[in-house]
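Quick look at final36.txt (compact mmCIF, C-alpha atoms):
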```
# COMPACT_ATOMS: atom_id res chain seq x y z
CA MET X 1 0.00 0.00 0.00
CA ALA X 2 1.28 3.47 -0.88
CA ARG X 3 2.16 5.55 2.12
CA ALA X 4 2.93 9.17 2.78
CA ALA X 5 6.59 9.87 3.42
CA VAL X 6 7.52 8.55 6.84
CA PRO X 7 9.62 10.92 8.90
CA GLY X 8 13.03 9.59 9.77
CA ARG X 9 13.50 7.37 12.76
CA LEU X 10 14.08 9.18 16.02
CA SER X 11 17.56 7.97 16.75
CA TRP X 12 19.35 7.93 20.08
CA ARG X 13 21.96 10.66 20.43
CA VAL X 14 24.59 11.10 23.07
CA GLY X 15 24.37 14.25 25.18
CA ARG X 16 26.90 15.41 27.74
CA LEU X 17 26.21 17.53 30.76
CA ALA X 18 27.61 21.01 30.15
CA GLU X 19 26.10 22.80 33.13
CA ALA X 20 23.64 22.18 35.95
CA ARG X 21 21.56 24.49 38.13
CA GLN X 22 19.69 23.63 41.29
CA GLU X 23 16.15 25.06 40.97
CA THR X 24 14.83 23.85 44.34
CA PRO X 25 16.25 21.37 46.86
CA THR X 26 14.74 18.56 44.75
CA ALA X 27 14.79 19.89 41.19
CA ARG X 28 17.82 20.32 38.96
CA THR X 29 18.18 21.86 35.52
CA LEU X 30 20.53 20.01 33.19
CA VAL X 31 22.07 21.81 30.23
CA LEU X 32 23.22 19.20 27.74
CA ASP X 33 25.38 19.40 24.66
CA VAL X 34 23.79 17.16 22.06
CA PRO X 35 25.68 17.24 18.76
CA GLY X 36 23.30 17.06 15.81
CA TRP X 37 20.21 18.01 17.83
CA PRO X 38 17.49 18.79 15.23
CA GLY X 39 15.76 21.55 17.24
CA HIS X 40 12.34 21.45 18.90
CA LEU X 41 9.20 23.39 19.72
CA PRO X 42 8.40 24.58 23.23
CA GLY X 43 6.27 21.97 24.98
CA GLN X 44 7.96 18.97 23.39
CA HIS X 45 9.82 16.38 25.42
CA VAL X 46 12.68 13.94 25.09
CA ASP X 47 13.24 10.36 26.10
CA VAL X 48 16.32 9.86 28.24
CA ARG X 49 17.97 6.44 28.51
CA LEU X 50 20.44 5.45 31.18
CA THR X 51 22.42 2.23 30.92
CA ALA X 52 24.21 0.51 33.81
CA GLU X 53 27.44 -1.44 33.42
CA ASP X 54 25.61 -4.76 33.45
CA GLY X 55 23.46 -3.64 30.51
CA TYR X 56 20.34 -2.81 32.53
CA SER X 57 18.74 0.32 31.11
CA ALA X 58 15.91 2.61 32.10
CA GLN X 59 14.06 5.24 30.05
CA ARG X 60 11.97 8.21 31.11
CA SER X 61 10.44 11.22 29.35
CA TYR X 62 11.33 14.78 30.36
CA SER X 63 9.97 18.06 29.08
CA LEU X 64 12.38 20.44 27.42
CA ALA X 65 12.68 23.60 29.52
CA ALA X 66 14.01 26.06 26.94
CA PRO X 67 14.26 26.63 23.21
CA ALA X 68 17.24 24.85 21.62
CA GLU X 69 20.38 26.87 21.14
CA GLY X 70 22.17 24.91 18.47
CA GLY X 71 23.04 21.61 20.10
CA ARG X 72 22.24 22.79 23.63
CA VAL X 73 19.11 21.48 25.28
CA GLU X 74 17.80 22.06 28.78
CA LEU X 75 15.76 19.76 30.98
CA THR X 76 14.57 20.31 34.52
CA VAL X 77 14.26 17.08 36.47
CA GLN X 78 12.24 16.73 39.68
CA SER X 79 13.56 14.06 41.99
CA VAL X 80 10.71 11.69 42.82
CA PRO X 81 10.68 9.19 45.69
CA GLU X 82 12.18 5.86 44.59
CA GLY X 83 12.86 7.33 41.16
CA GLU X 84 15.83 5.44 39.81
CA VAL X 85 16.33 7.79 36.87
CA SER X 86 15.46 11.11 38.54
CA ALA X 87 17.59 10.28 41.60
CA TYR X 88 20.55 9.70 39.31
CA LEU X 89 20.00 12.81 37.19
CA THR X 90 19.45 15.12 40.18
CA GLY X 91 22.09 13.61 42.45
CA VAL X 92 24.85 11.72 40.66
CA TYR X 93 25.03 12.89 37.06
CA SER X 94 28.12 15.09 36.62
CA THR X 95 29.56 17.55 34.13
CA GLY X 96 30.93 15.81 31.05
CA ASP X 97 29.06 12.54 31.65
CA PRO X 98 27.11 11.07 28.73
CA VAL X 99 23.44 10.11 28.58
CA GLU X 100 21.38 9.00 25.61
CA LEU X 101 18.46 11.08 24.37
CA ARG X 102 15.99 10.89 21.57
CA GLY X 103 13.45 13.38 20.40
CA PRO X 104 11.92 15.80 20.16
CA VAL X 105 8.67 13.97 20.88
CA GLY X 106 5.10 15.25 20.91
CA GLY X 107 3.35 17.51 18.46
CA TRP X 108 0.20 18.50 20.38
CA PHE X 109 1.22 20.16 23.62
CA VAL X 110 3.32 22.75 21.78
CA TRP X 111 3.19 26.48 21.29
CA ARG X 112 4.26 27.76 17.90
CA PRO X 113 5.98 31.15 18.00
CA ALA X 114 4.00 32.17 14.90
CA GLY X 115 0.79 31.79 16.94
CA THR X 116 -1.47 34.85 17.24
CA GLN X 117 -3.99 33.82 19.93
CA PRO X 118 -3.55 34.99 23.52
CA VAL X 119 -2.08 32.23 25.64
CA LEU X 120 -2.99 31.02 29.12
CA LEU X 121 -0.47 28.78 30.86
CA VAL X 122 -1.49 26.98 34.05
CA ALA X 123 1.23 25.05 35.86
CA GLY X 124 1.04 22.81 38.90
CA GLY X 125 4.42 22.12 40.52
CA SER X 126 6.94 20.64 38.10
CA GLY X 127 4.35 21.17 35.33
CA ILE X 128 5.98 24.57 34.87
CA VAL X 129 8.81 23.07 32.79
CA PRO X 130 7.24 22.89 29.31
CA LEU X 131 5.38 26.16 29.98
CA MET X 132 8.65 27.88 30.84
CA ALA X 133 9.96 26.72 27.47
CA MET X 134 7.00 28.55 25.89
CA ILE X 135 7.68 31.73 27.89
CA ARG X 136 11.35 31.66 26.93
CA SER X 137 10.55 30.92 23.28
CA ARG X 138 8.08 33.79 23.15
CA ARG X 139 10.78 36.23 24.16
CA ALA X 140 13.43 34.61 21.96
CA ALA X 141 11.12 34.83 18.93
CA GLY X 142 10.15 38.44 19.68
CA SER X 143 6.48 37.41 19.80
CA ARG X 144 4.08 40.00 21.19
CA VAL X 145 1.26 37.54 21.78
CA PRO X 146 0.01 38.20 25.34
CA PHE X 147 0.80 35.40 27.80
CA ARG X 148 -0.64 34.81 31.23
CA LEU X 149 0.88 32.27 33.57
CA ILE X 150 -0.85 30.91 36.67
CA TYR X 151 1.68 28.87 38.64
CA SER X 152 0.55 26.79 41.61
CA VAL X 153 3.18 25.59 44.08
CA ARG X 154 3.11 24.29 47.63
CA THR X 155 5.46 26.89 49.11
CA PRO X 156 7.59 29.81 47.87
CA GLY X 157 10.63 27.53 48.08
CA ASP X 158 9.11 25.21 45.47
CA VAL X 159 9.10 27.79 42.67
CA TYR X 160 11.32 26.79 39.75
CA TYR X 161 13.10 29.58 37.83
CA ALA X 162 12.06 32.03 40.57
CA ASP X 163 14.46 34.88 39.77
CA GLU X 164 13.98 34.57 36.04
CA LEU X 165 10.18 34.56 36.36
CA ARG X 166 10.31 37.67 38.53
CA ARG X 167 12.56 39.39 35.99
CA ARG X 168 10.48 38.33 33.00
CA ALA X 169 7.22 39.40 34.64
CA ARG X 170 8.82 42.84 34.88
CA ASP X 171 10.67 42.98 31.54
CA ASP X 172 8.81 40.73 29.04
CA ALA X 173 6.07 43.05 27.82
CA GLY X 174 2.74 41.24 27.68
CA LEU X 175 3.64 38.51 30.18
CA ASP X 176 1.65 38.34 33.43
CA VAL X 177 2.58 35.91 36.18
CA THR X 178 0.27 34.90 39.05
CA PHE X 179 1.36 32.58 41.86
CA VAL X 180 -0.95 30.32 43.84
CA TYR X 181 0.47 28.86 47.07
CA THR X 182 -1.26 25.80 48.46
CA ARG X 183 0.63 25.17 51.73
CA ALA X 184 2.60 28.28 52.72
CA VAL X 185 2.61 31.83 51.38
CA PRO X 186 5.38 34.46 51.26
CA GLU X 187 5.39 37.12 53.97
CA GLY X 188 2.82 39.81 53.36
CA TRP X 189 0.90 37.74 50.79
CA PRO X 190 -2.72 38.89 50.52
CA HIS X 191 -4.29 35.41 50.79
CA PRO X 192 -3.85 32.42 53.05
CA PRO X 193 -2.72 29.23 51.26
CA ARG X 194 -5.39 28.02 48.85
CA ARG X 195 -5.92 25.64 45.98
CA ILE X 196 -6.51 26.85 42.47
CA GLY X 197 -10.21 27.40 41.80
CA VAL X 198 -12.69 29.13 39.53
CA THR X 199 -11.98 32.58 40.96
CA VAL X 200 -8.24 32.43 40.37
CA VAL X 201 -8.63 31.11 36.82
CA ASN X 202 -11.39 33.57 36.02
CA THR X 203 -9.52 36.58 37.43
CA ASN X 204 -6.06 35.77 36.10
CA GLY X 205 -6.86 33.95 32.88
CA TRP X 206 -8.46 35.27 29.68
CA PRO X 207 -12.15 35.65 28.89
CA PRO X 208 -13.29 32.76 26.67
CA ALA X 209 -14.47 35.29 24.06
CA LEU X 210 -10.82 36.01 23.23
CA THR X 211 -10.44 32.31 22.28
CA PRO X 212 -7.08 31.91 24.01
CA ASP X 213 -4.95 28.82 23.63
CA CYS X 214 -4.78 27.20 27.06
CA TYR X 215 -1.99 24.89 28.20
CA VAL X 216 -2.37 23.06 31.49
CA CYS X 217 0.42 20.93 32.92
CA GLY X 218 0.85 19.28 36.29
CA PRO X 219 -0.22 16.28 38.33
CA THR X 220 -3.37 14.49 37.19
CA GLY X 221 -5.72 15.86 39.85
CA PHE X 222 -4.55 19.41 39.21
CA VAL X 223 -4.96 19.11 35.46
CA GLU X 224 -8.41 17.54 35.79
CA THR X 225 -9.51 20.39 38.07
CA VAL X 226 -8.15 23.21 35.91
CA ALA X 227 -9.34 21.72 32.61
CA ASP X 228 -12.83 21.26 34.07
CA ILE X 229 -12.81 24.87 35.29
CA LEU X 230 -11.77 26.18 31.89
CA VAL X 231 -14.52 24.22 30.14
CA ALA X 232 -17.07 25.35 32.75
CA LEU X 233 -16.01 28.99 32.21
CA GLY X 234 -16.82 28.58 28.54
CA HIS X 235 -13.48 27.82 26.93
CA ASP X 236 -13.62 25.61 23.87
CA PRO X 237 -12.33 22.16 25.00
CA ARG X 238 -10.40 21.94 21.75
CA ARG X 239 -8.33 24.93 22.82
CA VAL X 240 -7.45 23.39 26.17
CA ARG X 241 -4.32 21.31 25.83
CA THR X 242 -3.19 19.22 28.75
CA GLU X 243 -0.13 17.31 29.81
CA ARG X 244 -0.33 15.21 32.96
CA PHE X 245 2.40 13.92 35.17
CA GLY X 246 1.21 10.69 36.69
CA PRO X 247 1.62 9.93 40.37
CA THR X 248 4.62 7.80 39.53
CA GLY X 249 7.60 8.80 37.53
CA GLY X 250 11.13 8.11 37.45
CA MET O 1 23.21 -2.04 24.48
CA GLY O 2 23.49 1.73 24.79
CA ILE O 3 26.50 3.58 26.06
CA VAL O 4 27.12 3.16 29.76
CA THR O 5 26.13 6.09 31.96
CA PRO O 6 28.86 6.46 34.59
CA GLY O 7 27.62 5.78 38.10
CA PHE O 8 24.13 4.61 37.07
CA ARG O 9 23.15 1.34 38.71
CA GLY O 10 19.35 1.44 38.60
CA ARG O 11 16.92 -0.39 40.81
CA PRO O 12 17.52 -3.90 41.98
CA ARG O 13 16.72 -6.00 38.92
CA PRO O 14 13.11 -7.06 38.86
CA SER O 15 12.68 -10.78 39.27
CA GLY O 16 9.05 -10.86 38.16
CA PRO O 17 7.68 -11.26 34.65
CA GLU O 18 9.55 -9.65 31.83
CA LEU O 19 8.39 -6.21 30.67
CA PRO O 20 8.53 -4.88 27.12
CA PRO O 21 11.78 -3.04 26.32
CA GLY O 22 12.12 0.40 27.91
CA GLN O 23 9.14 -0.06 30.25
CA TYR O 24 9.05 0.08 34.04
CA LEU O 25 6.53 -1.34 36.45
CA THR O 26 4.00 0.82 38.27
CA GLU O 27 1.35 -0.05 40.83
CA ASP O 28 -0.52 3.24 40.24
CA PHE O 29 -2.72 4.02 37.29
CA PRO O 30 -1.32 7.18 35.71
CA VAL O 31 -3.50 9.25 33.41
CA LEU O 32 -2.49 10.47 29.99
CA SER O 33 -4.74 12.54 27.80
CA ALA O 34 -4.49 15.55 25.57
CA GLY O 35 -7.36 17.70 26.76
CA PRO O 36 -10.22 18.07 29.19
CA THR O 37 -12.13 14.98 30.24
CA PRO O 38 -15.38 14.88 28.26
CA ARG O 39 -18.58 14.24 30.24
CA VAL O 40 -21.12 12.17 28.36
CA PRO O 41 -24.69 11.95 29.67
CA MET O 42 -25.58 8.27 29.77
CA ASP O 43 -28.96 8.77 28.10
CA ARG O 44 -27.18 10.28 25.09
CA TRP O 45 -24.24 7.86 25.04
CA GLU O 46 -23.98 5.61 22.02
CA PHE O 47 -21.43 3.45 20.32
CA VAL O 48 -21.50 3.24 16.52
CA ILE O 49 -19.62 0.98 14.14
CA THR O 50 -19.65 2.44 10.63
CA THR O 51 -18.65 0.20 7.74
CA GLU O 52 -16.82 1.17 4.58
CA THR O 53 -20.23 1.32 2.86
CA SER O 54 -21.50 3.78 5.52
CA ARG O 55 -23.76 1.21 7.13
CA GLU O 56 -24.15 2.08 10.80
CA HIS O 57 -24.53 -0.33 13.72
CA ARG O 58 -25.60 1.47 16.93
CA TRP O 59 -25.72 0.58 20.58
CA SER O 60 -27.16 2.70 23.36
CA TRP O 61 -25.82 2.27 26.90
CA THR O 62 -28.73 -0.04 27.66
CA ASP O 63 -28.01 -2.06 24.52
CA LEU O 64 -24.35 -2.40 25.52
CA MET O 65 -25.22 -3.53 29.05
CA ALA O 66 -27.54 -6.17 27.64
CA LEU O 67 -24.71 -7.86 25.73
CA PRO O 68 -22.65 -10.68 27.21
CA SER O 69 -19.45 -9.36 28.78
CA ASP O 70 -15.97 -10.68 29.53
CA THR O 71 -13.71 -9.94 32.50
CA PRO O 72 -10.24 -10.03 31.00
CA THR O 73 -7.15 -9.72 33.23
CA VAL O 74 -4.42 -8.17 31.14
CA ASP O 75 -1.12 -6.27 31.29
CA ILE O 76 -1.13 -2.71 29.96
CA HIS O 77 1.81 -0.75 28.57
CA CYS O 78 1.84 3.03 28.12
CA VAL O 79 4.19 4.67 25.63
CA THR O 80 5.22 7.06 28.42
CA LYS O 81 7.08 4.02 29.81
CA TRP O 82 4.91 2.65 32.60
CA SER O 83 3.48 -0.85 32.55
CA LYS O 84 0.82 -2.17 34.89
CA LEU O 85 0.35 -5.89 35.25
CA GLY O 86 -2.72 -7.97 35.95
CA THR O 87 -5.41 -5.31 35.48
CA THR O 88 -8.96 -6.64 35.50
CA TRP O 89 -11.69 -5.14 33.35
CA GLN O 90 -15.24 -5.84 32.34
CA GLY O 91 -16.42 -5.15 28.85
CA VAL O 92 -17.97 -6.41 25.65
CA SER O 93 -15.68 -8.16 23.22
CA LEU O 94 -15.36 -6.56 19.80
CA ASP O 95 -16.05 -10.05 18.41
CA THR O 96 -19.53 -9.73 19.88
CA LEU O 97 -20.04 -6.22 18.53
CA MET O 98 -18.70 -7.17 15.11
CA SER O 99 -20.68 -10.41 14.80
CA ASP O 100 -23.42 -8.89 12.62
CA VAL O 101 -21.20 -6.39 10.85
CA ASP O 102 -20.52 -7.22 7.23
CA THR O 103 -17.22 -5.69 6.17
CA ALA O 104 -14.23 -6.19 3.91
CA ALA O 105 -12.26 -3.39 5.57
CA ASP O 106 -8.67 -3.88 6.74
CA TYR O 107 -8.38 -0.92 9.09
CA ALA O 108 -10.27 0.75 11.88
CA LEU O 109 -10.27 4.40 12.91
CA VAL O 110 -11.54 4.70 16.46
CA HIS O 111 -13.38 7.90 17.49
CA SER O 112 -13.89 9.24 20.99
CA TYR O 113 -16.13 11.78 22.68
CA GLY O 114 -13.96 14.89 22.82
CA GLY O 115 -12.54 14.33 19.34
CA TYR O 116 -9.69 11.88 19.98
CA THR O 117 -8.94 9.30 17.30
CA THR O 118 -6.60 6.34 16.91
CA ASN O 119 -6.02 3.86 14.10
CA LEU O 120 -5.23 0.17 14.00
CA PRO O 121 -5.70 -2.86 11.76
CA LEU O 122 -9.18 -4.33 12.13
CA SER O 123 -7.68 -7.76 12.80
CA ASP O 124 -6.18 -6.42 16.04
CA LEU O 125 -9.69 -5.75 17.32
CA LEU O 126 -10.82 -9.34 16.75
CA ASP O 127 -10.17 -12.85 18.10
CA GLY O 128 -10.62 -11.98 21.76
CA ARG O 129 -8.01 -9.22 21.78
CA ALA O 130 -10.17 -6.09 22.21
CA TRP O 131 -13.13 -4.92 24.27
CA VAL O 132 -15.35 -1.94 24.89
CA ALA O 133 -14.64 -1.82 28.62
CA TYR O 134 -16.82 -0.11 31.22
CA ARG O 135 -15.56 -1.45 34.54
CA PHE O 136 -12.04 -1.48 35.98
CA ASP O 137 -10.98 -3.33 39.11
CA GLY O 138 -14.60 -3.97 40.10
CA ASP O 139 -15.72 -0.33 39.80
CA ASP O 140 -17.40 1.69 37.10
CA LEU O 141 -14.67 3.13 34.89
CA HIS O 142 -13.80 6.63 36.16
CA PRO O 143 -14.06 9.49 33.66
CA GLU O 144 -10.32 10.31 33.80
CA HIS O 145 -9.58 6.72 32.83
CA GLY O 146 -12.02 6.85 29.93
CA GLY O 147 -15.42 6.22 31.50
CA PRO O 148 -18.16 5.55 30.85
CA ALA O 149 -16.50 3.25 28.32
CA ARG O 150 -13.15 2.94 26.61
CA LEU O 151 -11.62 0.67 24.07
CA LEU O 152 -9.25 -1.90 25.56
CA VAL O 153 -6.61 -3.31 23.21
CA PRO O 154 -3.93 -4.35 25.69
CA HIS O 155 -1.50 -5.95 23.24
CA LEU O 156 -0.74 -2.51 21.77
CA TYR O 157 0.54 0.63 23.53
CA PHE O 158 -2.24 2.03 25.64
CA TRP O 159 -2.92 5.13 23.52
CA LYS O 160 -4.64 2.71 21.12
CA SER O 161 -7.12 1.89 23.91
CA ALA O 162 -9.11 5.04 23.19
CA LYS O 163 -10.81 6.58 26.23
CA TRP O 164 -14.43 7.80 25.99
CA VAL O 165 -14.91 5.66 22.88
CA ARG O 166 -17.92 6.54 20.75
CA GLY O 167 -17.39 4.58 17.57
CA ILE O 168 -15.27 2.74 15.08
CA GLN O 169 -15.06 3.57 11.43
CA LEU O 170 -14.05 0.63 9.23
CA ARG O 171 -11.84 1.61 6.30
CA PHE O 172 -9.87 0.23 3.39
CA ASP O 173 -6.97 2.57 4.16
CA ASP O 174 -5.03 3.24 7.34
CA GLU O 175 -5.88 6.80 8.33
CA PRO O 176 -3.56 8.07 11.10
CA GLY O 177 -5.25 9.07 14.33
CA PHE O 178 -4.43 11.82 16.82
CA TRP O 179 -1.07 10.70 18.22
CA GLU O 180 -0.20 8.83 15.04
CA SER O 181 -0.38 12.16 13.17
CA ALA O 182 1.89 13.69 15.81
CA GLY O 183 4.80 11.33 15.29
CA TYR O 184 3.73 8.22 17.16
CA HIS O 185 3.85 4.78 15.57
CA ASP O 186 0.98 3.57 13.38
CA TYR O 187 0.89 0.12 14.98
CA GLY O 188 2.48 0.48 18.43
CA ASP O 189 3.60 -3.01 19.48
CA PRO O 190 5.25 -2.60 22.92
CA TRP O 191 7.28 -5.81 22.53
CA ARG O 192 8.90 -4.37 19.40
CA GLU O 193 9.14 -0.94 21.09
CA GLN O 194 7.22 0.78 18.30
CA ARG O 195 6.85 4.11 20.06
CA TYR O 196 7.46 6.61 17.28
CA GLN O 197 7.20 6.70 13.49
CA GLY O 198 10.10 4.75 12.05
CA ASP O 199 10.66 2.54 15.14
```
Just give me the structure as structure tokens.
Amino acid sequence: MARAAVPGRLSWRVGRLAEARQETPTARTLVLDVPGWPGHLPGQHVDVRLTAEDGYSAQRSYSLAAPAEGGRVELTVQSVPEGEVSAYLTGVYSTGDPVELRGPVGGWFVWRPAGTQPVLLVAGGSGIVPLMAMIRSRRAAGSRVPFRLIYSVRTPGDVYYADELRRRARDDAGLDVTFVYTRAVPEGWPHPPRRIGVTVVNTNGWPPALTPDCYVCGPTGFVETVADILVALGHDPRRVRTERFGPTGG
Amino acid sequence: MGIVTPGFRGRPRPSGPELPPGQYLTEDFPVLSAGPTPRVPMDRWEFVITTETSREHRWSWTDLMALPSDTPTVDIHCVTKWSKLGTTWQGVSLDTLMSDVDTAADYALVHSYGGYTTNLPLSDLLDGRAWVAYRFDGDDLHPEHGGPARLLVPHLYFWKSAKWVRGIQLRFDDEPGFWESAGYHDYGDPWREQRYQGD
């Protein structure tokens, strides 16, 4: 049977750790040099494969945290309890060491810098990673599409990219950032800790009439809640894109 | 074998049943979907098989419940790397649903409430390998896991087991579905690690 052209196989490439940054006590950003990296869109992810000396190997998917700069790619990895891959990447993996990667993967949960619709980003915890890639790409591409980010974290110490987000909220024209704290708030914060709800999304998101593109990323319960709120507020379900991090990971 | 990652030892090696390549075992039931969970009122729910000649075979919820069901216990494998073993479902076999359907089609395009689609060869839906499932682990299937009813095709990666299934279109050609159009494999056999196009 005749077939449309099949894109090339996603082959495994070797990346080496060029630089690492600690985002929180349990999350680490890895900047990797990956010769021959084909580029990616914000929101896409990569598969990472680790291989032990006895041949045992383990794979996990991680969102890309920033637009590609040549062969440089950035991931932010949250250490999860009993996570054999995340424990290694956040604790052991050292500058110059190789890992295998393949990607980019995923063509749905992506923002295209040529987009013209307003954008609402809603992150729960480590769900900020692919959304941060969109925020960084927006600036890098010189896009003036208005972005609003609602970022829910347990405590102020759990915010990834805290300094950069503060700076961008000030300097990136058309970017608004709202924090929601669920367990502990910064000093002088106007609300006690609270979960994200209709009021927060309604006040800090976009009216449905503007037909914004909505991206929601976080743990399953968070994504279910926010996606349901968006639909209930009148957003077109087809404009609500979700990415869920299951309760397990690696 | 890939290149060795210095200092990586991994978990103690599992001694249980073998998993497909690149998969790891989970006891939880993670959720993966691309958009909001659609809510389908049961009195409006229907499942429709449409043949290549546009002949439609319809089942309401009541019709579906009246059909004989199976309770398969199967292993499931998600392309995001988790596998879950020994899951028990209740549902109606596609053999039952297809028994009065006259078709010469080779392929199926599965449609869901909410707009999701996925494609597979029709033969993979037959011979006791696929169900329209409405109970999981003794409970009604929760909406985030595809309730009221989802397709269950456990021998392929789990994205083929379309949640919120509403119908199957039988076709002569293999039309790529939602993830298949976004770079995922057309067939998706976990044992051959067919995750992405070209694998």
Mind running chain O against chain X at 9 Å and telling me each contacting residue's nearest atom pair with the distance in Å (one decimal), counting only C-alpha atoms, chain and number ascending, as a Markdown table?
```
| residue | atom | partner | partner_atom | distance |
| --- | --- | --- | --- | --- |
| O:Met1 | CA | X:Gly55 | CA | 6.2 |
| O:Gly2 | CA | X:Thr51 | CA | 6.2 |
| O:Ile3 | CA | X:Thr51 | CA | 6.5 |
| O:Val4 | CA | X:Thr51 | CA | 4.9 |
| O:Thr5 | CA | X:Thr51 | CA | 5.5 |
| O:Pro6 | CA | X:Asp97 | CA | 6.8 |
| O:Gly7 | CA | X:Val92 | CA | 7.0 |
| O:Phe8 | CA | X:Ala52 | CA | 5.2 |
| O:Arg9 | CA | X:Ala52 | CA | 5.1 |
| O:Gly10 | CA | X:Glu84 | CA | 5.5 |
| O:Arg11 | CA | X:Glu84 | CA | 6.0 |
| O:Arg13 | CA | X:Tyr56 | CA | 8.0 |
| O:Gly22 | CA | X:Gln59 | CA | 5.6 |
| O:Gln23 | CA | X:Gln59 | CA | 7.2 |
| O:Tyr24 | CA | X:Ala58 | CA | 7.6 |
| O:Thr26 | CA | X:Thr248 | CA | 7.1 |
| O:Glu27 | CA | X:Thr248 | CA | 8.6 |
| O:Asp28 | CA | X:Thr248 | CA | 6.9 |
| O:Phe29 | CA | X:Gly246 | CA | 7.8 |
| O:Pro30 | CA | X:Gly246 | CA | 4.4 |
| O:Val31 | CA | X:Gly246 | CA | 5.9 |
| O:Leu32 | CA | X:Arg244 | CA | 6.0 |
| O:Ser33 | CA | X:Thr242 | CA | 6.9 |
| O:Ala34 | CA | X:Thr242 | CA | 5.0 |
| O:Gly35 | CA | X:Arg241 | CA | 4.8 |
| O:Pro36 | CA | X:Ala227 | CA | 5.1 |
| O:Thr37 | CA | X:Glu224 | CA | 7.2 |
| O:Pro38 | CA | X:Pro237 | CA | 8.5 |
| O:Thr80 | CA | X:Ser61 | CA | 6.7 |
| O:Lys81 | CA | X:Arg60 | CA | 6.6 |
| O:Trp82 | CA | X:Gly249 | CA | 8.3 |
| O:Gly114 | CA | X:Pro237 | CA | 7.8 |
| O:Gly115 | CA | X:Arg238 | CA | 8.3 |
| O:Glu144 | CA | X:Glu224 | CA | 7.7 |
| O:Asp173 | CA | X:Met1 | CA | 8.5 |
| O:Phe178 | CA | X:Trp108 | CA | 8.9 |
| O:Trp179 | CA | X:Gly107 | CA | 8.1 |
| O:Ser181 | CA | X:Gly107 | CA | 8.4 |
| O:Ala182 | CA | X:Gly107 | CA | 4.9 |
| O:Gly183 | CA | X:Gly106 | CA | 6.9 |
| O:Tyr184 | CA | X:Gly106 | CA | 8.1 |
| O:Tyr196 | CA | X:Leu10 | CA | 7.2 |
| O:Gln197 | CA | X:Arg9 | CA | 6.4 |
| O:Gly198 | CA | X:Arg9 | CA | 4.4 |
| O:Asp199 | CA | X:Arg9 | CA | 6.1 |
```
Kindly give the distance, in Å, that separates CA of Glu18 (chain O) and CA of Val80 (chain X), rounded to a single decimal.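 Separation between CA of Glu18 (chain O) and CA of Val80 (chain X): 24.0 Å.
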Protein, DNA and RNA residues within 12 Å of (14.9, 27.4, 36.7), all atoms listed in the file, as number ranges by chain: X: 20-31, 64-66, 74-78, 126, 128-133, 136, 158-166
Given the selection you just returned, output its residues as a file containing C-alpha atoms, formatted as an mmCIF file, in the frame of the given file.
```cif
data_model
loop_
_atom_site.group_PDB
_atom_site.id
_atom_site.type_symbol
_atom_site.label_atom_id
_atom_site.label_comp_id
_atom_site.auth_asym_id
_atom_site.auth_seq_id
_atom_site.Cartn_x
_atom_site.Cartn_y
_atom_site.Cartn_z
ATOM 1 C CA ALA X 20 23.640 22.180 35.950
ATOM 2 C CA ARG X 21 21.560 24.490 38.130
ATOM 3 C CA GLN X 22 19.690 23.630 41.290
ATOM 4 C CA GLU X 23 16.150 25.060 40.970
ATOM 5 C CA THR X 24 14.830 23.850 44.340
ATOM 6 C CA PRO X 25 16.250 21.370 46.860
ATOM 7 C CA THR X 26 14.740 18.560 44.750
ATOM 8 C CA ALA X 27 14.790 19.890 41.190
ATOM 9 C CA ARG X 28 17.820 20.320 38.960
ATOM 10 C CA THR X 29 18.180 21.860 35.520
ATOM 11 C CA LEU X 30 20.530 20.010 33.190
ATOM 12 C CA VAL X 31 22.070 21.810 30.230
ATOM 13 C CA LEU X 64 12.380 20.440 27.420
ATOM 14 C CA ALA X 65 12.680 23.600 29.520
ATOM 15 C CA ALA X 66 14.010 26.060 26.940
ATOM 16 C CA GLU X 74 17.800 22.060 28.780
ATOM 17 C CA LEU X 75 15.760 19.760 30.980
ATOM 18 C CA THR X 76 14.570 20.310 34.520
ATOM 19 C CA VAL X 77 14.260 17.080 36.470
ATOM 20 C CA GLN X 78 12.240 16.730 39.680
ATOM 21 C CA SER X 126 6.940 20.640 38.100
ATOM 22 C CA ILE X 128 5.980 24.570 34.870
ATOM 23 C CA VAL X 129 8.810 23.070 32.790
ATOM 24 C CA PRO X 130 7.240 22.890 29.310
ATOM 25 C CA LEU X 131 5.380 26.160 29.980
ATOM 26 C CA MET X 132 8.650 27.880 30.840
ATOM 27 C CA ALA X 133 9.960 26.720 27.470
ATOM 28 C CA ARG X 136 11.350 31.660 26.930
ATOM 29 C CA ASP X 158 9.110 25.210 45.470
ATOM 30 C CA VAL X 159 9.100 27.790 42.670
ATOM 31 C CA TYR X 160 11.320 26.790 39.750
ATOM 32 C CA TYR X 161 13.100 29.580 37.830
ATOM 33 C CA ALA X 162 12.060 32.030 40.570
ATOM 34 C CA ASP X 163 14.460 34.880 39.770
ATOM 35 C CA GLU X 164 13.980 34.570 36.040
ATOM 36 C CA LEU X 165 10.180 34.560 36.360
ATOM 37 C CA ARG X 166 10.310 37.670 38.530
#
```
Polymer residues at most 8 Å from Thr118 (chain O), all atoms listed in the file, same-chain spacing of 6 or more positions, as a PyMOL selection string: chain O and resi 109-111+159-160+162+176-180
Can you write just those residues out, C-alpha atoms, as a compact mmCIF listing (two decimals), keeping the file's coordinate frame?
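This went into again-v9.txt:
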```txt
# COMPACT_ATOMS: atom_id res chain seq x y z
CA LEU O 109 -10.27 4.40 12.91
CA VAL O 110 -11.54 4.70 16.46
CA HIS O 111 -13.38 7.90 17.49
CA TRP O 159 -2.92 5.13 23.52
CA LYS O 160 -4.64 2.71 21.12
CA ALA O 162 -9.11 5.04 23.19
CA PRO O 176 -3.56 8.07 11.10
CA GLY O 177 -5.25 9.07 14.33
CA PHE O 178 -4.43 11.82 16.82
CA TRP O 179 -1.07 10.70 18.22
CA GLU O 180 -0.20 8.83 15.04
```
